[in-house]
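Heads up, upload-v2.txt below (compact mmCIF, C-alpha atoms):
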```txt
# COMPACT_ATOMS: atom_id res chain seq x y z
CA MET A 6 -14.48 -41.95 10.32
CA LEU A 7 -14.20 -44.78 7.80
CA PRO A 8 -16.74 -45.11 4.98
CA ARG A 9 -19.19 -48.00 4.78
CA VAL A 10 -17.71 -50.71 2.57
CA ILE A 11 -20.07 -52.90 0.55
CA ILE A 12 -19.15 -56.14 -1.19
CA HIS A 13 -21.73 -56.89 -3.89
CA THR A 14 -21.10 -60.17 -5.69
CA ALA A 15 -22.69 -62.89 -7.83
CA VAL A 16 -22.22 -66.59 -7.08
CA SER A 17 -23.54 -69.96 -8.19
CA ALA A 18 -25.74 -71.96 -5.84
CA ASP A 19 -22.60 -73.85 -4.78
CA GLY A 20 -20.73 -70.64 -4.01
CA ARG A 21 -18.46 -70.22 -7.03
CA ILE A 22 -17.77 -66.93 -8.81
CA ASP A 23 -16.69 -68.55 -12.11
CA GLY A 24 -18.00 -71.17 -14.52
CA PHE A 25 -21.34 -69.45 -15.14
CA THR A 26 -22.68 -66.25 -16.70
CA PRO A 27 -24.14 -63.93 -14.05
CA ASP A 28 -27.20 -61.83 -14.76
CA LEU A 29 -25.36 -58.53 -15.17
CA GLY A 30 -28.56 -56.57 -15.76
CA THR A 31 -29.89 -57.60 -12.37
CA PHE A 32 -26.47 -57.30 -10.73
CA TYR A 33 -25.79 -53.72 -11.81
CA GLY A 34 -29.44 -52.75 -11.53
CA LEU A 35 -29.12 -53.30 -7.78
CA VAL A 36 -25.91 -51.26 -7.42
CA ALA A 37 -27.91 -48.03 -7.08
CA THR A 38 -29.18 -49.41 -3.75
CA TRP A 39 -26.12 -48.02 -1.97
CA LYS A 40 -25.56 -44.72 -3.84
CA GLU A 41 -21.81 -45.31 -3.69
CA ASP A 42 -19.35 -42.43 -3.58
CA VAL A 43 -16.39 -44.62 -4.56
CA THR A 44 -15.95 -47.85 -6.47
CA LEU A 45 -12.93 -49.73 -5.10
CA ALA A 46 -11.19 -52.06 -7.54
CA GLY A 47 -8.02 -54.11 -7.53
CA SER A 48 -5.44 -53.86 -10.28
CA ASP A 49 -5.80 -57.56 -11.14
CA THR A 50 -9.51 -57.11 -11.85
CA LEU A 51 -8.93 -54.12 -14.12
CA LEU A 52 -6.02 -55.75 -15.94
CA ALA A 53 -8.24 -58.74 -16.68
CA ALA A 54 -10.95 -56.49 -18.13
CA ALA A 55 -11.25 -55.34 -21.73
CA GLN A 56 -9.53 -52.04 -20.92
CA ALA A 57 -6.28 -53.95 -20.44
CA ASP A 58 -5.75 -53.79 -24.21
CA ALA A 59 -6.38 -50.03 -24.34
CA PRO A 60 -3.46 -47.66 -24.89
CA ALA A 61 -1.78 -46.18 -21.83
CA THR A 62 -2.93 -42.76 -20.69
CA GLU A 63 -0.41 -40.28 -22.08
CA GLU A 64 -2.05 -36.85 -21.94
CA PRO A 65 -3.29 -35.15 -18.75
CA LEU A 66 -6.84 -36.16 -17.96
CA PRO A 67 -9.45 -33.40 -17.77
CA ALA A 68 -10.47 -32.21 -14.32
CA PRO A 69 -13.80 -33.69 -13.21
CA ASP A 70 -16.90 -31.52 -13.42
CA PRO A 71 -17.81 -30.38 -9.87
CA GLY A 72 -21.44 -31.11 -10.67
CA ASP A 73 -20.77 -34.68 -11.80
CA THR A 74 -22.45 -37.08 -9.37
CA ARG A 75 -20.94 -40.30 -10.68
CA PRO A 76 -18.69 -42.17 -8.23
CA LEU A 77 -14.92 -42.09 -8.13
CA LEU A 78 -12.90 -45.16 -9.12
CA ALA A 79 -10.17 -45.93 -6.59
CA ILE A 80 -7.64 -48.48 -7.87
CA VAL A 81 -5.48 -50.49 -5.47
CA ASP A 82 -2.24 -50.48 -7.46
CA SER A 83 0.81 -50.70 -5.23
CA ARG A 84 2.95 -52.16 -8.02
CA GLY A 85 1.98 -49.46 -10.52
CA ARG A 86 0.55 -51.70 -13.22
CA VAL A 87 -2.60 -49.85 -14.36
CA HIS A 88 -1.95 -47.27 -17.08
CA THR A 89 -5.34 -47.17 -18.82
CA HIS A 90 -7.11 -44.54 -16.75
CA ALA A 91 -8.39 -42.68 -19.82
CA ALA A 92 -10.05 -45.84 -21.14
CA LEU A 93 -11.57 -46.57 -17.75
CA LEU A 94 -13.10 -43.09 -17.63
CA ALA A 95 -14.32 -43.46 -21.21
CA ALA A 96 -16.49 -46.37 -20.06
CA GLY A 97 -18.72 -43.70 -18.54
CA TYR A 98 -19.26 -45.11 -15.06
CA TRP A 99 -16.90 -42.87 -13.09
CA ARG A 100 -16.04 -39.17 -12.99
CA GLN A 101 -12.41 -39.59 -11.89
CA THR A 102 -9.82 -42.26 -11.15
CA ILE A 103 -7.61 -42.30 -8.06
CA ALA A 104 -4.55 -44.51 -7.64
CA LEU A 105 -4.04 -46.08 -4.22
CA CYS A 106 -0.29 -46.58 -3.83
CA SER A 107 2.27 -47.53 -1.19
CA GLN A 108 5.71 -46.32 -0.23
CA THR A 109 7.20 -48.93 -2.58
CA THR A 110 5.19 -48.03 -5.67
CA PRO A 111 7.80 -47.47 -8.42
CA ALA A 112 8.91 -43.85 -8.77
CA ARG A 113 8.37 -44.00 -12.54
CA HIS A 114 4.72 -44.87 -11.96
CA MET A 115 4.27 -42.03 -9.49
CA ALA A 116 5.77 -39.71 -12.13
CA TYR A 117 3.36 -41.09 -14.73
CA LEU A 118 0.40 -40.41 -12.43
CA ALA A 119 1.58 -36.86 -11.78
CA LYS A 120 2.06 -36.18 -15.51
CA ALA A 121 -1.40 -37.51 -16.33
CA GLY A 122 -2.99 -35.54 -13.50
CA ILE A 123 -4.22 -38.68 -11.76
CA PRO A 124 -4.51 -38.24 -7.97
CA ALA A 125 -2.45 -40.69 -5.93
CA LEU A 126 -3.10 -41.56 -2.29
CA VAL A 127 -0.10 -43.16 -0.60
CA ALA A 128 -0.94 -45.45 2.31
CA GLY A 129 1.23 -48.26 3.64
CA GLN A 130 4.80 -49.40 3.20
CA LYS A 131 5.17 -52.48 0.96
CA GLN A 132 1.50 -52.71 0.05
CA VAL A 133 -1.54 -50.51 0.29
CA ASP A 134 -2.86 -50.13 3.83
CA LEU A 135 -6.55 -50.36 2.99
CA LYS A 136 -7.76 -48.95 6.29
CA ALA A 137 -5.54 -45.88 5.91
CA ALA A 138 -6.53 -45.53 2.25
CA LEU A 139 -10.24 -45.65 3.12
CA ALA A 140 -9.67 -43.01 5.79
CA GLN A 141 -7.97 -40.78 3.21
CA LEU A 142 -10.84 -41.26 0.76
CA ALA A 143 -13.25 -40.18 3.47
CA ALA A 144 -11.18 -37.20 4.59
CA GLN A 145 -10.11 -35.89 1.19
CA TYR A 146 -13.05 -36.86 -1.03
CA GLY A 147 -15.94 -37.10 1.41
CA ALA A 148 -16.44 -40.81 0.72
CA ARG A 149 -19.23 -42.23 2.84
CA VAL A 150 -20.03 -45.40 0.88
CA VAL A 151 -17.50 -47.56 -0.98
CA ARG A 152 -18.55 -50.49 -3.15
CA VAL A 153 -15.99 -53.17 -3.95
CA GLU A 154 -15.73 -54.18 -7.62
CA SER A 155 -13.13 -56.90 -7.48
CA GLY A 156 -12.34 -60.57 -7.23
CA GLY A 157 -11.82 -62.65 -4.14
CA VAL A 158 -8.37 -61.45 -3.08
CA LEU A 159 -9.20 -57.81 -2.38
CA SER A 160 -12.51 -58.79 -0.82
CA GLY A 161 -10.69 -61.30 1.37
CA VAL A 162 -8.21 -58.71 2.63
CA LEU A 163 -11.01 -56.27 3.42
CA LEU A 164 -13.06 -58.92 5.21
CA ARG A 165 -10.17 -60.23 7.29
CA ALA A 166 -9.27 -56.66 8.26
CA GLY A 167 -12.81 -56.04 9.53
CA LEU A 168 -13.39 -53.21 7.07
CA VAL A 169 -16.57 -54.49 5.41
CA SER A 170 -19.95 -53.22 6.56
CA GLU A 171 -22.22 -55.27 4.31
CA VAL A 172 -22.04 -58.27 1.99
CA SER A 173 -24.60 -58.55 -0.81
CA VAL A 174 -24.80 -61.88 -2.64
CA LEU A 175 -26.81 -62.74 -5.76
CA VAL A 176 -27.18 -66.52 -5.69
CA HIS A 177 -27.79 -67.84 -9.22
CA PRO A 178 -29.73 -71.07 -9.90
CA VAL A 179 -26.78 -73.01 -11.30
CA LEU A 180 -24.31 -75.55 -9.92
CA VAL A 181 -20.73 -75.36 -11.18
CA GLY A 182 -18.76 -77.89 -9.14
CA GLY A 183 -15.04 -78.44 -9.69
CA SER A 184 -12.02 -78.86 -7.46
CA SER A 185 -10.69 -75.28 -7.44
CA ALA A 186 -11.96 -72.97 -4.74
CA ARG A 187 -13.06 -69.78 -6.52
CA SER A 188 -14.93 -67.88 -3.83
CA PHE A 189 -15.50 -64.13 -3.59
CA TYR A 190 -13.79 -64.39 -0.20
CA ARG A 191 -10.24 -65.65 -0.78
CA ALA A 192 -7.92 -65.74 2.21
CA ALA A 193 -5.75 -68.14 4.17
CA ASP A 194 -7.55 -70.95 5.97
CA LEU A 195 -8.65 -70.14 9.50
CA GLY A 196 -6.32 -71.24 12.27
CA ALA A 197 -7.39 -73.27 15.28
CA ALA A 198 -7.92 -70.10 17.33
CA ASP A 199 -9.73 -68.17 14.56
CA SER A 200 -13.45 -67.80 14.09
CA PRO A 201 -15.56 -67.16 10.99
CA ILE A 202 -17.00 -63.69 10.51
CA ALA A 203 -20.46 -63.40 12.03
CA ALA A 204 -23.11 -61.92 9.75
CA ARG A 205 -26.65 -60.69 10.40
CA LEU A 206 -29.25 -61.19 7.69
CA ILE A 207 -30.70 -57.88 6.50
CA SER A 208 -32.98 -59.23 3.78
CA ALA A 209 -33.60 -62.13 1.41
CA GLU A 210 -35.66 -61.80 -1.74
CA SER A 211 -36.13 -63.31 -5.18
CA VAL A 212 -34.92 -61.17 -8.07
CA GLY A 213 -34.40 -61.89 -11.75
CA ALA A 214 -34.92 -65.42 -13.05
CA GLY A 215 -34.62 -67.65 -10.00
CA ILE A 216 -31.94 -65.50 -8.36
CA VAL A 217 -31.94 -65.01 -4.60
CA TRP A 218 -30.57 -61.71 -3.27
CA LEU A 219 -29.10 -62.01 0.22
CA ARG A 220 -27.86 -59.03 2.20
CA TYR A 221 -25.82 -59.41 5.38
CA ALA A 222 -24.58 -56.80 7.85
CA LEU A 223 -21.16 -57.36 9.40
CA GLY A 224 -19.86 -56.06 12.69
```

Exercise: express the given structure as structure tokens:
Amino acid sequence: MLPRVIIHTAVSADGRIDGFTPDLGTFYGLVATWKEDVTLAGSDTLLAAAQADAPATEEPLPAPDPGDTRPLLAIVDSRGRVHTHAALLAAGYWRQTIALCSQTTPARHMAYLAKAGIPALVAGQKQVDLKAALAQLAAQYGARVVRVESGGVLSGVLLRAGLVSEVSVLVHPVLVGGSSARSFYRAADLGAADSPIAARLISAESVGAGIVWLRYALG
């Protein structure tokens, strides 16, 4: 059984994810809606965050408290670029980090993970097989609900693979414009024989200052 995968994102009224300041209080205030077991993040997202300047994890991380109910942080990191697990845990949102790797993840990075006591799930050959990784998270960690905390690339891969159960969108009352396409769903253009993903509206409500919260079920 695969866990439910939720994409929760903030966009402008013209569908962009950049060029405006989202209402983070409202955004993260709604996260508790899903009671996630795992937060799934891409390495690019974490490297772009403030923790990118933190020192690399050198000492073994403490084992998580069995009574800790915070979610796990699973990092898609096939190339072995994220070394700031201690800083990520220090943020206080997660009880443990897990590295999602592939068969081609550098051996030196796998050794680093082992030394630091960071669990590694290997799924896929040249890149992480997200379906297999989600299955491992469910089987080994009891993950039932996974929320995606990432930019458009990871979300696009998950959507195109049919692995997303729900999309939650906070539409902000701003128009950004521009010529670059910065959507939370980044993937190759559809071919002539392809179809867009059908979605069923779960709910639509006003939240925050002029923000509309849309929830769609997929599949």

Å distance separating CA of Pro27 (chain A) from CA of Ala92 (chain A), one decimal place
24.0 Å

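Take CA of Ser185 (chain A) and CA of Arg21 (chain A): the distance between them is 9.3 Å.
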
Interface rows for region 50-132 of chain A against region 39-45 of chain A: nearest pair, Å to one decimal, 12 Å, all atoms listed in the file, as CSV:
```
residue,atom,partner,partner_atom,distance
A:Thr50,CA,A:Leu45,CA,10.6
A:Leu51,CA,A:Leu45,CA,10.8
A:Asp73,CA,A:Asp42,CA,11.4
A:Thr74,CA,A:Asp42,CA,8.5
A:Arg75,CA,A:Asp42,CA,7.6
A:Pro76,CA,A:Asp42,CA,4.7
A:Leu77,CA,A:Val43,CA,4.6
A:Leu78,CA,A:Thr44,CA,4.9
A:Ala79,CA,A:Leu45,CA,4.9
A:Ile80,CA,A:Leu45,CA,6.1
A:Val81,CA,A:Leu45,CA,7.5
A:Asp82,CA,A:Leu45,CA,11.0
A:Tyr98,CA,A:Thr44,CA,9.6
A:Trp99,CA,A:Thr44,CA,8.3
A:Arg100,CA,A:Val43,CA,10.0
A:Gln101,CA,A:Val43,CA,9.7
A:Thr102,CA,A:Thr44,CA,9.5
A:Ile103,CA,A:Leu45,CA,9.6
A:Ala104,CA,A:Leu45,CA,10.2
A:Leu105,CA,A:Leu45,CA,9.7
```

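Shortest atom-to-atom contact with Ala140 (chain A) among A:Leu195, A:Ser188, A:Ala37, A:Leu126: A:Leu126, counting only C-alpha atoms.
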
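Each of A:Thr31, A:Ala15, A:Ala125, A:Ser170 was compared to Arg149 (chain A) using all atoms listed in the file, and A:Ser170 turns out to be the nearest.
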
Of A:Pro178, A:Gly161, A:Gly183, A:Gly196, the one nearest to Gly215 (chain A) when counting only C-alpha atoms is A:Pro178

Show which residues sit within 12 Å of Gly122 (chain A), as a VMD selection string. Count only C-alpha atoms, and ignore same-chain residues fewer than 5 positions away.
chain A and resid 62 to 69 90 to 91 101 to 104 115 to 117

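Nearest to Gln132 (chain A) of all the residues A:Arg152, A:His177, A:Arg84, A:Arg205 is A:Arg84, based on only C-alpha atoms.
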
Using all atoms listed in the file, which residues sit within 9 Å of region 220-222 of chain A once same-chain residues fewer than 4 positions away are excluded, as a PDB file with C-alpha atoms, in the frame of the given file?
```pdb
ATOM      1  CA  HIS A  13     -21.730 -56.890  -3.890  1.00  0.00           C
ATOM      2  CA  VAL A 169     -16.570 -54.490   5.410  1.00  0.00           C
ATOM      3  CA  SER A 170     -19.950 -53.220   6.560  1.00  0.00           C
ATOM      4  CA  GLU A 171     -22.220 -55.270   4.310  1.00  0.00           C
ATOM      5  CA  VAL A 172     -22.040 -58.270   1.990  1.00  0.00           C
ATOM      6  CA  SER A 173     -24.600 -58.550  -0.810  1.00  0.00           C
ATOM      7  CA  VAL A 174     -24.800 -61.880  -2.640  1.00  0.00           C
ATOM      8  CA  LEU A 175     -26.810 -62.740  -5.760  1.00  0.00           C
ATOM      9  CA  ALA A 203     -20.460 -63.400  12.030  1.00  0.00           C
ATOM     10  CA  ALA A 204     -23.110 -61.920   9.750  1.00  0.00           C
ATOM     11  CA  ARG A 205     -26.650 -60.690  10.400  1.00  0.00           C
ATOM     12  CA  LEU A 206     -29.250 -61.190   7.690  1.00  0.00           C
ATOM     13  CA  ILE A 207     -30.700 -57.880   6.500  1.00  0.00           C
ATOM     14  CA  SER A 208     -32.980 -59.230   3.780  1.00  0.00           C
ATOM     15  CA  ALA A 209     -33.600 -62.130   1.410  1.00  0.00           C
TER      16      ALA A 209
END
```

Which residue is closest to Gly182 (chain A)? Choose from A:Leu223, A:Met6, A:Ile22, A:Val153 and count all atoms listed in the file.
A:Ile22

Please, what distance in Å, to one decimal, runs between CA of Ala138 (chain A) and CA of Leu168 (chain A)?
11.4 Å

In the coordinates of the file, take the point (-11.0, -52.4, 9.3) and a cut-off of 10 Å; then, counting all atoms listed in the file, name each qualifying protein, DNA or RNA residue as a PyMOL selection string.
chain A and resi 7+10+135-137+139+162-170

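You can rank A:Ala53, A:Ala192, A:Ile11, A:Ala198 by their closest distance to Val36 (chain A) using only C-alpha atoms, and at the top of that list sits A:Ile11.
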
Give me, as a ChimeraX atom specification, all polymer residues having an atom no more than 6 Å from Ser17 (chain A), counting only C-alpha atoms and skipping those fewer than 2 positions away in the same chain.
/A:19-21,176-177,179-180

I need every residue sitting at most 12 Å from the point (-8.5, -51.3, -23.6) (coordinates as in the file, only C-alpha atoms considered), written as a ChimeraX atom specification.
/A:51-62,87-96

If you keep C-alpha atoms, can you produce a file of those selected residues as a JSON list (two decimals), in the frame of the given file?
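Wrote part38.json, looks like this:
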```
[["chain", "number", "residue", "atom", "x", "y", "z"],
["A", 51, "LEU", "CA", -8.93, -54.12, -14.12],
["A", 52, "LEU", "CA", -6.02, -55.75, -15.94],
["A", 53, "ALA", "CA", -8.24, -58.74, -16.68],
["A", 54, "ALA", "CA", -10.95, -56.49, -18.13],
["A", 55, "ALA", "CA", -11.25, -55.34, -21.73],
["A", 56, "GLN", "CA", -9.53, -52.04, -20.92],
["A", 57, "ALA", "CA", -6.28, -53.95, -20.44],
["A", 58, "ASP", "CA", -5.75, -53.79, -24.21],
["A", 59, "ALA", "CA", -6.38, -50.03, -24.34],
["A", 60, "PRO", "CA", -3.46, -47.66, -24.89],
["A", 61, "ALA", "CA", -1.78, -46.18, -21.83],
["A", 62, "THR", "CA", -2.93, -42.76, -20.69],
["A", 87, "VAL", "CA", -2.60, -49.85, -14.36],
["A", 88, "HIS", "CA", -1.95, -47.27, -17.08],
["A", 89, "THR", "CA", -5.34, -47.17, -18.82],
["A", 90, "HIS", "CA", -7.11, -44.54, -16.75],
["A", 91, "ALA", "CA", -8.39, -42.68, -19.82],
["A", 92, "ALA", "CA", -10.05, -45.84, -21.14],
["A", 93, "LEU", "CA", -11.57, -46.57, -17.75],
["A", 94, "LEU", "CA", -13.10, -43.09, -17.63],
["A", 95, "ALA", "CA", -14.32, -43.46, -21.21],
["A", 96, "ALA", "CA", -16.49, -46.37, -20.06]]
```
